[in-house]
file query.txt (compact mmCIF, C-alpha atoms)
# COMPACT_ATOMS: atom_id res chain seq x y z
CA TRP A 103 2.53 10.21 3.83
CA PRO A 104 5.42 8.20 5.36
CA TYR A 105 3.83 4.75 5.51
CA CYS A 106 4.39 1.77 3.19
CA ARG A 107 3.14 -1.81 3.21
CA LYS A 108 6.73 -3.05 2.82
CA ARG A 109 10.18 -1.55 2.37
CA CYS A 110 11.73 -1.97 -1.08
CA SER A 111 15.24 -3.42 -1.20
CA TYR A 112 16.76 -0.17 -2.58
CA CYS A 113 14.81 2.34 -0.45
CA SER A 114 16.57 4.77 1.91
CA PHE A 115 13.67 7.23 2.19
CA ASN A 116 11.95 8.22 5.42
CA THR A 117 9.36 5.43 5.28
CA TYR A 118 7.71 3.27 7.94
CA VAL A 119 6.03 -0.14 7.85
CA VAL A 120 3.64 -0.38 10.81
CA PRO A 121 0.79 -2.79 11.69
CA THR A 122 -1.87 -0.07 11.77
CA VAL A 123 -2.08 3.66 11.06
CA ASP A 124 -4.39 6.02 12.96
CA GLU A 125 -5.35 7.84 9.78
CA ALA A 126 -7.69 10.28 11.50
CA ALA A 127 -4.84 11.46 13.75
CA VAL A 128 -2.38 11.71 10.86
CA ARG A 129 -4.95 13.61 8.78
CA ALA A 130 -5.61 16.08 11.59
CA CYS A 131 -1.88 16.72 11.96
CA LEU A 132 -1.30 17.16 8.22
CA VAL A 133 -4.16 19.66 8.12
CA ARG A 134 -2.93 21.56 11.17
CA GLU A 135 0.68 21.71 10.03
CA ALA A 136 -0.32 22.87 6.54
CA ARG A 137 -2.41 25.69 8.04
CA THR A 138 0.36 26.69 10.46
CA LEU A 139 3.12 26.82 7.85
CA LEU A 140 0.94 28.65 5.35
CA ARG A 141 0.15 31.23 8.03
CA LEU A 142 3.86 31.60 8.88
CA SER A 143 4.75 32.05 5.21
CA GLN A 144 1.84 34.41 4.41
CA VAL A 145 1.86 32.92 0.90
CA HIS A 146 -1.16 34.21 -1.00
CA SER A 147 -1.38 31.73 -3.88
CA ILE A 148 -0.40 28.08 -4.39
CA THR A 149 0.68 26.88 -7.82
CA SER A 150 0.87 23.13 -7.08
CA VAL A 151 0.41 20.47 -4.41
CA PHE A 152 2.30 17.17 -4.41
CA PHE A 153 1.40 14.20 -2.20
CA GLY A 154 4.62 12.20 -1.81
CA GLY A 155 5.79 9.40 0.42
CA GLY A 156 6.02 6.69 1.54
CA THR A 157 2.98 5.49 -0.35
CA PRO A 158 0.34 8.26 -0.43
CA SER A 159 -2.08 6.00 -2.33
CA LEU A 160 -2.42 4.06 0.96
CA ALA A 161 -4.13 7.12 2.45
CA SER A 162 -7.85 7.52 1.85
CA PRO A 163 -9.23 10.08 -0.60
CA GLY A 164 -10.78 11.75 2.44
CA THR A 165 -7.33 12.59 3.82
CA VAL A 166 -6.25 14.08 0.49
CA ALA A 167 -9.47 16.12 0.33
CA ALA A 168 -8.98 17.40 3.89
CA VAL A 169 -5.43 18.61 3.16
CA LEU A 170 -6.50 20.31 -0.06
CA GLU A 171 -9.40 22.00 1.77
CA ALA A 172 -6.96 23.26 4.41
CA VAL A 173 -4.62 24.62 1.73
CA ALA A 174 -7.49 26.31 -0.15
CA GLY A 175 -8.75 27.79 3.13
CA ALA A 176 -5.37 29.34 4.00
CA ALA A 177 -4.31 30.55 0.54
CA HIS A 178 -5.65 30.81 -2.99
CA LEU A 179 -5.58 27.41 -4.71
CA PRO A 180 -6.56 28.07 -8.33
CA ALA A 181 -8.96 25.64 -9.97
CA GLY A 182 -6.28 24.59 -12.48
CA ALA A 183 -3.44 24.13 -9.98
CA GLU A 184 -1.51 20.89 -10.48
CA VAL A 185 -2.29 18.37 -7.72
CA THR A 186 -0.15 15.23 -7.98
CA LEU A 187 -0.42 12.00 -6.01
CA GLU A 188 2.35 9.38 -5.95
CA ALA A 189 0.91 5.88 -6.20
CA ASN A 190 2.07 2.28 -6.20
CA PRO A 191 0.51 -0.14 -8.69
CA SER A 192 -0.50 -2.40 -5.79
CA SER A 193 -2.71 0.32 -4.25
CA THR A 194 -4.42 1.84 -7.28
CA SER A 195 -7.77 0.20 -7.98
CA THR A 196 -9.94 2.11 -10.46
CA SER A 197 -12.47 2.96 -7.73
CA LEU A 198 -9.73 4.29 -5.42
CA LEU A 199 -8.25 6.40 -8.23
CA ALA A 200 -11.71 7.79 -8.96
CA GLY A 201 -11.95 8.71 -5.27
CA PHE A 202 -8.64 10.59 -5.45
CA ARG A 203 -9.81 12.44 -8.56
CA ALA A 204 -13.02 13.45 -6.79
CA ALA A 205 -10.89 14.65 -3.84
CA GLY A 206 -9.03 17.06 -6.13
CA VAL A 207 -6.07 15.10 -7.54
CA ASN A 208 -5.53 15.84 -11.25
CA ARG A 209 -2.13 14.21 -11.89
CA LEU A 210 -0.79 10.79 -10.95
CA SER A 211 2.82 9.60 -10.61
CA ILE A 212 3.02 5.80 -10.60
CA GLY A 213 6.05 3.94 -9.26
CA VAL A 214 6.26 1.25 -11.94
CA GLN A 215 10.10 0.93 -11.60
CA SER A 216 10.28 -2.07 -13.99
CA LEU A 217 8.09 -4.04 -16.36
CA ASP A 218 9.96 -7.30 -15.66
CA ASP A 219 8.85 -9.61 -12.86
CA ALA A 220 12.36 -10.83 -11.98
CA GLU A 221 13.61 -7.24 -11.66
CA LEU A 222 10.58 -6.29 -9.56
CA ARG A 223 11.29 -9.19 -7.17
CA MET A 224 14.94 -8.09 -6.86
CA LEU A 225 13.77 -4.55 -6.07
CA GLY A 226 11.40 -5.87 -3.40
CA ARG A 227 8.36 -4.36 -5.13
CA GLU A 228 4.88 -5.58 -4.16
CA HIS A 229 3.46 -5.59 -7.67
CA THR A 230 3.98 -7.63 -10.82
CA ALA A 231 4.55 -6.27 -14.33
CA ALA A 232 0.95 -7.18 -15.22
CA GLU A 233 -0.35 -5.25 -12.20
CA ALA A 234 1.77 -2.26 -13.21
CA ARG A 235 0.30 -2.27 -16.72
CA LYS A 236 -3.22 -2.54 -15.34
CA ALA A 237 -2.60 0.34 -12.91
CA VAL A 238 -1.22 2.64 -15.62
CA GLU A 239 -4.12 1.85 -17.94
CA ALA A 240 -6.63 2.57 -15.15
CA ALA A 241 -4.83 5.84 -14.32
CA ARG A 242 -4.80 6.96 -17.95
CA GLY A 243 -8.54 6.35 -18.11
CA LEU A 244 -9.02 8.91 -15.32
CA PHE A 245 -5.97 11.21 -15.75
CA LEU A 246 -5.30 11.14 -19.49
CA GLY A 247 -2.30 13.28 -20.39
CA ARG A 248 -1.49 13.67 -16.67
CA THR A 249 -0.20 10.23 -15.70
CA SER A 250 3.55 9.85 -15.13
CA ILE A 251 5.52 6.63 -14.65
CA ASP A 252 8.83 6.07 -12.85
CA LEU A 253 11.38 3.56 -14.17
CA LEU A 254 14.72 2.48 -12.68
CA PHE A 255 17.78 1.56 -14.74
CA GLY A 256 21.25 0.31 -13.90
CA LEU A 257 19.95 -2.61 -11.84
CA PRO A 258 22.48 -5.28 -10.81
CA GLY A 259 22.87 -7.69 -13.73
CA GLN A 260 20.73 -5.61 -16.10
CA SER A 261 22.10 -5.54 -19.67
CA ARG A 262 21.77 -2.71 -22.16
CA ASP A 263 19.54 -4.91 -24.33
CA ALA A 264 17.26 -5.72 -21.38
CA TRP A 265 17.00 -2.00 -20.61
CA ALA A 266 16.15 -1.21 -24.25
CA GLN A 267 13.37 -3.82 -24.05
CA ARG A 268 12.00 -2.23 -20.85
CA LEU A 269 11.97 1.15 -22.58
CA GLU A 270 10.09 -0.17 -25.59
CA ALA A 271 7.54 -1.81 -23.28
CA ALA A 272 7.18 1.45 -21.35
CA LEU A 273 6.63 3.42 -24.56
CA GLY A 274 3.77 1.12 -25.45
CA LEU A 275 2.16 1.77 -22.07
CA CYS A 276 3.05 5.28 -20.93
CA ASP A 277 1.21 8.57 -21.09
CA ASP A 278 3.07 11.86 -21.70
CA HIS A 279 5.56 11.93 -18.80
CA ILE A 280 8.31 9.51 -17.79
CA SER A 281 10.87 9.80 -14.98
CA LEU A 282 14.00 7.65 -15.34
CA TYR A 283 16.21 7.17 -12.30
CA GLN A 284 19.58 5.48 -12.24
CA LEU A 285 19.50 3.06 -9.30
CA THR A 286 21.63 4.33 -6.43
CA LEU A 287 22.91 1.66 -4.05
CA GLU A 288 22.37 3.49 -0.77
CA ARG A 289 24.24 2.38 2.33
CA GLY A 290 22.01 0.47 4.73
CA THR A 291 19.67 -0.91 2.07
CA ALA A 292 19.22 -4.64 1.44
CA LEU A 293 20.20 -4.32 -2.23
CA ALA A 294 23.43 -2.49 -1.45
CA ALA A 295 24.34 -5.23 1.05
CA GLN A 296 23.76 -7.93 -1.60
CA VAL A 297 26.04 -6.14 -4.06
CA ARG A 298 28.68 -5.49 -1.41
CA ARG A 299 28.93 -9.18 -0.48
CA GLY A 300 29.05 -10.25 -4.13
CA ALA A 301 25.61 -11.86 -4.32
CA LEU A 302 24.69 -9.41 -7.11
CA PRO A 303 27.01 -7.68 -9.62
CA ALA A 304 27.58 -3.93 -9.51
CA PRO A 305 26.79 -2.34 -12.89
CA PRO A 306 29.86 -0.82 -14.66
CA GLN A 307 29.89 2.97 -15.10
CA ASP A 308 30.28 2.76 -18.89
CA LEU A 309 27.18 0.58 -19.10
CA LEU A 310 25.20 3.07 -17.00
CA ALA A 311 26.24 5.88 -19.35
CA ASP A 312 25.18 3.78 -22.36
CA MET A 313 21.79 3.07 -20.75
CA TYR A 314 21.20 6.76 -20.14
CA GLN A 315 22.18 7.66 -23.71
CA THR A 316 19.94 4.88 -25.06
CA ALA A 317 16.99 6.16 -23.03
CA ARG A 318 17.45 9.73 -24.21
CA THR A 319 17.72 8.66 -27.86
CA VAL A 320 14.63 6.42 -27.70
CA LEU A 321 12.44 8.90 -25.83
CA VAL A 322 13.43 11.96 -27.88
CA ALA A 323 12.68 9.97 -31.05
CA ALA A 324 9.24 9.21 -29.56
CA GLY A 325 8.51 12.93 -29.17
CA PHE A 326 9.57 13.45 -25.56
CA ARG A 327 11.40 16.58 -24.45
CA HIS A 328 14.31 15.81 -22.11
CA TYR A 329 13.51 18.76 -19.87
CA GLU A 330 15.41 17.70 -16.74
CA VAL A 331 18.21 15.23 -16.00
CA SER A 332 15.77 12.42 -15.09
CA ASN A 333 12.52 13.67 -16.64
CA PHE A 334 10.95 13.49 -20.08
CA ALA A 335 7.63 14.97 -21.25
CA ARG A 336 5.71 15.35 -24.49
CA LYS A 337 2.73 17.50 -25.46
CA GLY A 338 3.73 20.03 -22.80
CA ALA A 339 3.10 17.62 -19.89
CA LEU A 340 5.99 18.93 -17.75
CA SER A 341 5.59 18.64 -13.98
CA THR A 342 4.76 22.13 -12.72
CA HIS A 343 5.55 21.12 -9.16
CA ASN A 344 8.99 19.66 -9.83
CA LEU A 345 9.90 22.62 -12.04
CA SER A 346 9.29 24.85 -9.03
CA TYR A 347 12.08 23.01 -7.16
CA TRP A 348 14.51 23.23 -10.08
CA ARG A 349 13.72 26.94 -10.50
CA ALA A 350 14.42 27.50 -6.78
CA GLU A 351 10.93 28.80 -6.05
CA GLN A 352 9.45 28.72 -2.55
CA TYR A 353 7.84 25.51 -1.31
CA ILE A 354 6.35 24.35 1.98
CA GLY A 355 7.01 20.81 3.22
CA VAL A 356 4.28 19.20 5.34
CA GLY A 357 4.52 15.84 7.12
CA PRO A 358 7.23 13.65 8.69
CA GLY A 359 10.66 14.36 7.19
CA ALA A 360 9.32 16.91 4.71
CA HIS A 361 11.67 19.69 3.54
CA GLY A 362 10.70 23.29 2.79
CA ARG A 363 12.25 26.50 1.47
CA PHE A 364 10.30 29.66 2.22
CA VAL A 365 10.37 33.11 3.81
CA LEU A 366 8.62 33.42 7.19
CA ARG A 367 6.83 36.68 6.45
CA GLY A 368 4.37 35.92 9.26
CA GLU A 369 7.28 36.30 11.72
CA GLY A 370 8.61 39.41 10.00
CA GLY A 371 11.26 37.42 8.15
CA CYS A 372 12.79 38.54 4.85
CA ARG A 373 15.29 35.71 4.26
CA ARG A 374 14.55 32.24 2.96
CA GLU A 375 14.76 29.40 5.46
CA ALA A 376 15.53 25.73 4.88
CA ARG A 377 13.21 23.74 7.12
CA VAL A 378 13.01 20.00 7.87
CA GLN A 379 10.12 18.40 9.75
CA SER A 380 10.71 15.71 12.40
CA LEU A 381 11.36 12.38 10.74
CA GLU A 382 9.58 9.88 13.00
CA PRO A 383 5.77 10.03 12.58
CA VAL A 384 4.82 9.62 16.25
CA ALA A 385 7.27 12.33 17.35
CA TRP A 386 6.11 14.57 14.48
CA MET A 387 2.45 14.17 15.48
CA ARG A 388 3.25 14.95 19.10
CA GLU A 389 4.98 18.18 18.07
CA VAL A 390 2.18 19.21 15.69
CA GLN A 391 -0.41 18.62 18.39
CA SER A 392 1.54 20.71 20.91
CA ARG A 393 2.74 23.65 18.77
CA GLY A 394 1.04 23.45 15.40
CA HIS A 395 4.01 22.17 13.39
CA GLY A 396 6.76 19.57 13.64
CA THR A 397 9.74 21.54 12.33
CA ARG A 398 12.91 19.86 13.56
CA SER A 399 15.48 22.25 12.05
CA ARG A 400 15.44 25.80 10.69
CA VAL A 401 18.39 27.36 8.90
CA VAL A 402 18.39 30.84 7.38
CA LEU A 403 20.05 30.50 3.97
CA SER A 404 22.77 33.03 3.16
CA PRO A 405 22.71 34.76 -0.25
CA LEU A 406 25.59 32.50 -1.34
CA GLU A 407 23.75 29.33 -0.21
CA GLN A 408 20.66 30.39 -2.16
CA LEU A 409 22.76 30.93 -5.31
CA GLU A 410 24.46 27.56 -4.79
CA GLU A 411 21.05 25.88 -4.67
CA LEU A 412 19.86 27.80 -7.73
CA LEU A 413 22.99 26.71 -9.62
CA THR A 414 22.88 23.02 -8.67
CA LEU A 415 19.12 22.70 -9.28
CA GLY A 416 18.72 25.02 -12.27
CA LEU A 417 21.43 23.35 -14.34
CA ARG A 418 19.48 20.08 -14.12
CA THR A 419 16.95 21.49 -16.62
CA ASP A 420 17.23 22.03 -20.36
CA GLU A 421 16.29 25.69 -19.89
CA GLY A 422 19.08 26.16 -17.33
CA ILE A 423 19.20 29.37 -15.29
CA THR A 424 17.78 32.45 -16.99
CA HIS A 425 19.29 35.89 -16.41
CA GLN A 426 15.98 36.99 -14.89
CA ARG A 427 15.90 34.15 -12.35
CA TRP A 428 19.54 34.70 -11.40
CA GLY A 429 18.88 38.42 -11.00
CA HIS A 430 16.05 37.69 -8.55
CA PHE A 431 18.60 36.08 -6.19
CA SER A 432 21.62 38.17 -7.19
CA PRO A 433 20.61 41.70 -8.24
CA LEU A 434 24.16 43.07 -8.00
CA LEU A 435 26.23 40.27 -9.54
CA SER A 436 25.03 39.02 -12.93
CA LEU A 437 25.39 35.55 -14.42
CA GLN A 438 27.75 37.07 -16.98
CA ALA A 439 29.88 38.68 -14.27
CA VAL A 440 30.23 35.39 -12.38
CA PHE A 441 30.54 32.83 -15.17
CA GLY A 442 31.53 34.89 -18.20
CA ALA A 443 34.88 35.90 -16.69
CA PRO A 444 38.01 33.82 -17.33
CA GLY A 445 37.89 30.68 -15.20
CA GLU A 446 36.39 27.23 -14.88
CA ALA A 447 33.04 28.10 -16.51
CA ARG A 448 34.66 29.53 -19.62
CA THR A 449 36.82 26.42 -19.95
CA LEU A 450 33.73 24.21 -19.63
CA GLN A 451 32.04 26.28 -22.37
CA GLN A 452 35.06 25.88 -24.66
CA GLN A 453 35.00 22.12 -24.03
CA GLY A 454 31.33 21.91 -25.06
CA TRP A 455 29.76 21.18 -21.66
CA LEU A 456 28.12 24.56 -20.96
CA VAL A 457 26.46 27.45 -22.80
CA LEU A 458 26.28 31.06 -21.55
CA ASP A 459 24.33 33.35 -23.88
CA SER A 460 21.44 35.80 -23.96
CA GLY A 461 19.12 33.07 -22.61
CA GLY A 462 21.24 32.38 -19.53
CA LEU A 463 23.49 29.55 -18.32
CA ARG A 464 22.67 25.95 -19.24
CA CYS A 465 24.26 22.60 -19.98
CA THR A 466 24.60 21.08 -23.41
CA TRP A 467 23.23 17.53 -23.65
CA ALA A 468 26.77 16.23 -23.12
CA GLY A 469 27.08 18.44 -20.02
CA LEU A 470 23.70 17.37 -18.63
CA ALA A 471 24.84 13.74 -18.70
CA VAL A 472 27.88 14.53 -16.48
CA LEU A 473 26.47 17.47 -14.50
CA ASP A 474 27.64 16.19 -11.09
CA SER A 475 31.26 16.33 -12.29
CA LEU A 476 30.89 19.93 -13.54
CA LEU A 477 29.29 21.43 -10.43
CA PRO A 478 32.35 21.51 -8.11
CA ASP A 479 34.23 23.79 -10.52
CA LEU A 480 31.19 26.04 -11.02
CA LEU A 481 30.48 26.28 -7.29
CA TRP A 482 34.14 27.16 -6.66
CA GLN A 483 33.96 29.95 -9.25
CA LEU A 484 30.72 31.24 -7.68
CA GLN A 485 32.25 31.24 -4.20
CA ARG A 486 35.27 33.21 -5.41
CA ALA A 487 32.99 35.76 -7.11
call {"tool": "encode", "arguments": {"input": "query.txt", "output": "structure tokens"}}
result
Amino acid sequence: WPYCRKRCSYCSFNTYVVPTVDEAAVRACLVREARTLLRLSQVHSITSVFFGGGTPSLASPGTVAAVLEAVAGAAHLPAGAEVTLEANPSSTSTSLLAGFRAAGVNRLSIGVQSLDDAELRMLGREHTAAEARKAVEAARGLFLGRTSIDLLFGLPGQSRDAWAQRLEAALGLCDDHISLYQLTLERGTALAAQVRRGALPAPPQDLLADMYQTARTVLVAAGFRHYEVSNFARKGALSTHNLSYWRAEQYIGVGPGAHGRFVLRGEGGCRREARVQSLEPVAWMREVQSRGHGTRSRVVLSPLEQLEELLTLGLRTDEGITHQRWGHFSPLLSLQAVFGAPGEARTLQQQGWLVLDSGGLRCTWAGLAVLDSLLPDLLWQLQRA
């Protein structure tokens, strides 16, 4: 769902602020594209559905229900499948959330971002801290144990003490899943322009590292498992859907700018494709209406490209890459053969960043914190192998 009521100062996503949305037309196109891509994939069973955006909570529960009905009509959607909706605190009244639950949503991801009004204003968010608290409380009343909140850290001018206070406030409010994202100053965003011209200070790298370490320490002490670089869960409330990305499973992307990775068995394909749907909503709808889907680009992924994706995504998790999962993509060349040989990976293991054992290949906590700096060496060793 690509539409928002306003663009946040840090946002570089494929989002659109328009005076009015023809929801019936968008709904019809989402339904048609979902059916088309499911038919092309010949997928038999769906493990999860995620409504992302944009601001999907601006759509009506009827649109969510229609998409889920289309999915269930084209493939098996088990009764317990995880169905997540991203929501903004400013568009989450209790009655609306109840409507989404009735439509089939059973997990909510709320973009809180901060529990400080000054920070929220800097980020260009629509809601206040009080509204965020109210939204999370309403969500937990309907989706207890299945409500996630997003928080940003590393904001311009944010101190380590201020971040620690935000974390404590979040712990008093949250359910069993928290996503923490270090703010990225993306080119072309209003916030990046303010920092570039000196109106706001850029946070130092050492401070960002301290904030991340602080968050991990606080959340682990509160019973959360740090199961992915940016994600923490307790009581087993891991996101099934996001795990499927990190485990390099197949997924189908529906809607403007959506990405997918799946095999087109309906066209006799046997190799995974990377697909991207047309970005602009009006162009996307026109294409869906004329040919059933709005795919803008299709690239068949080579075996090496698939292993590169598995490596870069899988190492983001605490479980890492199991031998079994690696073998699914590389039946002839084992994890041990690639990364157990003398080379960069062995050096990284000796330095305490990586572990390769009977469970597979994974980062230590120290390695997880600097994963982006480890990957070039690992990818180079993979390419040579």
call {"tool": "residues_around", "arguments": {"input": "query.txt", "residues": "A:Pro305", "least_positions_apart": "6", "cutoff": "8 Å", "atoms": "all atoms listed in the file", "output": "list of chain:residue names"}}
result
A:Gly256, A:Leu257, A:Pro258, A:Gly259, A:Gln260
call {"tool": "closest_residue", "arguments": {"input": "query.txt", "among": "A:Arg262, A:Arg109, A:His395, A:Arg400", "to": "A:Asp308", "atoms": "only C-alpha atoms"}}
result
A:Arg262
call {"tool": "residues_around", "arguments": {"input": "query.txt", "residues": "A:Ala468", "least_positions_apart": "2", "cutoff": "12 Å", "atoms": "all atoms listed in the file", "output": "ChimeraX atom specification"}}
result
/A:311,314-315,318,331,420,450-451,453-457,464-466,470-473,475-476
call {"tool": "write_last_selection", "arguments": {"input": "query.txt", "atoms": "C-alpha atoms", "output": "short mmCIF file (atom, residue, chain, number, x, y, z; two decimals), keeping the file's coordinate frame"}}
result
data_model
loop_
_atom_site.label_atom_id
_atom_site.label_comp_id
_atom_site.auth_asym_id
_atom_site.auth_seq_id
_atom_site.Cartn_x
_atom_site.Cartn_y
_atom_site.Cartn_z
CA ALA A 311 26.24 5.88 -19.35
CA TYR A 314 21.20 6.76 -20.14
CA GLN A 315 22.18 7.66 -23.71
CA ARG A 318 17.45 9.73 -24.21
CA VAL A 331 18.21 15.23 -16.00
CA ASP A 420 17.23 22.03 -20.36
CA LEU A 450 33.73 24.21 -19.63
CA GLN A 451 32.04 26.28 -22.37
CA GLN A 453 35.00 22.12 -24.03
CA GLY A 454 31.33 21.91 -25.06
CA TRP A 455 29.76 21.18 -21.66
CA LEU A 456 28.12 24.56 -20.96
CA VAL A 457 26.46 27.45 -22.80
CA ARG A 464 22.67 25.95 -19.24
CA CYS A 465 24.26 22.60 -19.98
CA THR A 466 24.60 21.08 -23.41
CA LEU A 470 23.70 17.37 -18.63
CA ALA A 471 24.84 13.74 -18.70
CA VAL A 472 27.88 14.53 -16.48
CA LEU A 473 26.47 17.47 -14.50
CA SER A 475 31.26 16.33 -12.29
CA LEU A 476 30.89 19.93 -13.54
#
call {"tool": "residues_near_point", "arguments": {"input": "query.txt", "point": "(-3.5, 24.0, -2.4)", "cutoff": "10 Å", "atoms": "all atoms listed in the file", "output": "PDB file with C-alpha atoms, in the coordinates of the input"}}
result
ATOM      1  CA  ALA A 136      -0.320  22.870   6.540  1.00  0.00           C
ATOM      2  CA  SER A 147      -1.380  31.730  -3.880  1.00  0.00           C
ATOM      3  CA  ILE A 148      -0.400  28.080  -4.390  1.00  0.00           C
ATOM      4  CA  THR A 149       0.680  26.880  -7.820  1.00  0.00           C
ATOM      5  CA  SER A 150       0.870  23.130  -7.080  1.00  0.00           C
ATOM      6  CA  VAL A 151       0.410  20.470  -4.410  1.00  0.00           C
ATOM      7  CA  PHE A 152       2.300  17.170  -4.410  1.00  0.00           C
ATOM      8  CA  VAL A 169      -5.430  18.610   3.160  1.00  0.00           C
ATOM      9  CA  LEU A 170      -6.500  20.310  -0.060  1.00  0.00           C
ATOM     10  CA  GLU A 171      -9.400  22.000   1.770  1.00  0.00           C
ATOM     11  CA  ALA A 172      -6.960  23.260   4.410  1.00  0.00           C
ATOM     12  CA  VAL A 173      -4.620  24.620   1.730  1.00  0.00           C
ATOM     13  CA  ALA A 174      -7.490  26.310  -0.150  1.00  0.00           C
ATOM     14  CA  GLY A 175      -8.750  27.790   3.130  1.00  0.00           C
ATOM     15  CA  ALA A 176      -5.370  29.340   4.000  1.00  0.00           C
ATOM     16  CA  ALA A 177      -4.310  30.550   0.540  1.00  0.00           C
ATOM     17  CA  HIS A 178      -5.650  30.810  -2.990  1.00  0.00           C
ATOM     18  CA  LEU A 179      -5.580  27.410  -4.710  1.00  0.00           C
ATOM     19  CA  PRO A 180      -6.560  28.070  -8.330  1.00  0.00           C
ATOM     20  CA  ALA A 181      -8.960  25.640  -9.970  1.00  0.00           C
ATOM     21  CA  ALA A 183      -3.440  24.130  -9.980  1.00  0.00           C
ATOM     22  CA  GLU A 184      -1.510  20.890 -10.480  1.00  0.00           C
ATOM     23  CA  VAL A 185      -2.290  18.370  -7.720  1.00  0.00           C
ATOM     24  CA  GLY A 206      -9.030  17.060  -6.130  1.00  0.00           C
TER      25      GLY A 206
END
call {"tool": "closest_residue", "arguments": {"input": "query.txt", "among": "A:Glu188, A:Asp252, A:Glu228, A:Glu135", "to": "A:Arg107", "atoms": "only C-alpha atoms"}}
result
A:Glu228
call {"tool": "closest_residue", "arguments": {"input": "query.txt", "among": "A:Arg141, A:Arg227, A:Arg203, A:His328", "to": "A:Gly368", "atoms": "all atoms listed in the file"}}
result
A:Arg141
call {"tool": "atom_distance", "arguments": {"input": "query.txt", "atom1": "atom CA of A:Tyr112", "atom2": "atom CA of A:Thr165"}}
result
28.0 Å
call {"tool": "atom_distance", "arguments": {"input": "query.txt", "atom1": "atom CA of A:Leu225", "atom2": "atom CA of A:Leu210"}}
result
21.7 Å
call {"tool": "atom_distance", "arguments": {"input": "query.txt", "atom1": "atom CA of A:Leu477", "atom2": "atom CA of A:Gly442"}}
result
15.7 Å
call {"tool": "residues_around", "arguments": {"input": "query.txt", "residues": "A:Trp386", "least_positions_apart": "5", "cutoff": "6 Å", "atoms": "only C-alpha atoms", "output": "PyMOL selection string"}}
result
chain A and resi 358+380+396
call {"tool": "closest_residue", "arguments": {"input": "query.txt", "among": "A:Gly394, A:Gly164, A:Gly247, A:Pro303", "to": "A:Ala204", "atoms": "all atoms listed in the file"}}
result
A:Gly164
call {"tool": "closest_residue", "arguments": {"input": "query.txt", "among": "A:Thr419, A:Ala317, A:Leu480, A:Asp459", "to": "A:Glu446", "atoms": "only C-alpha atoms"}}
result
A:Leu480
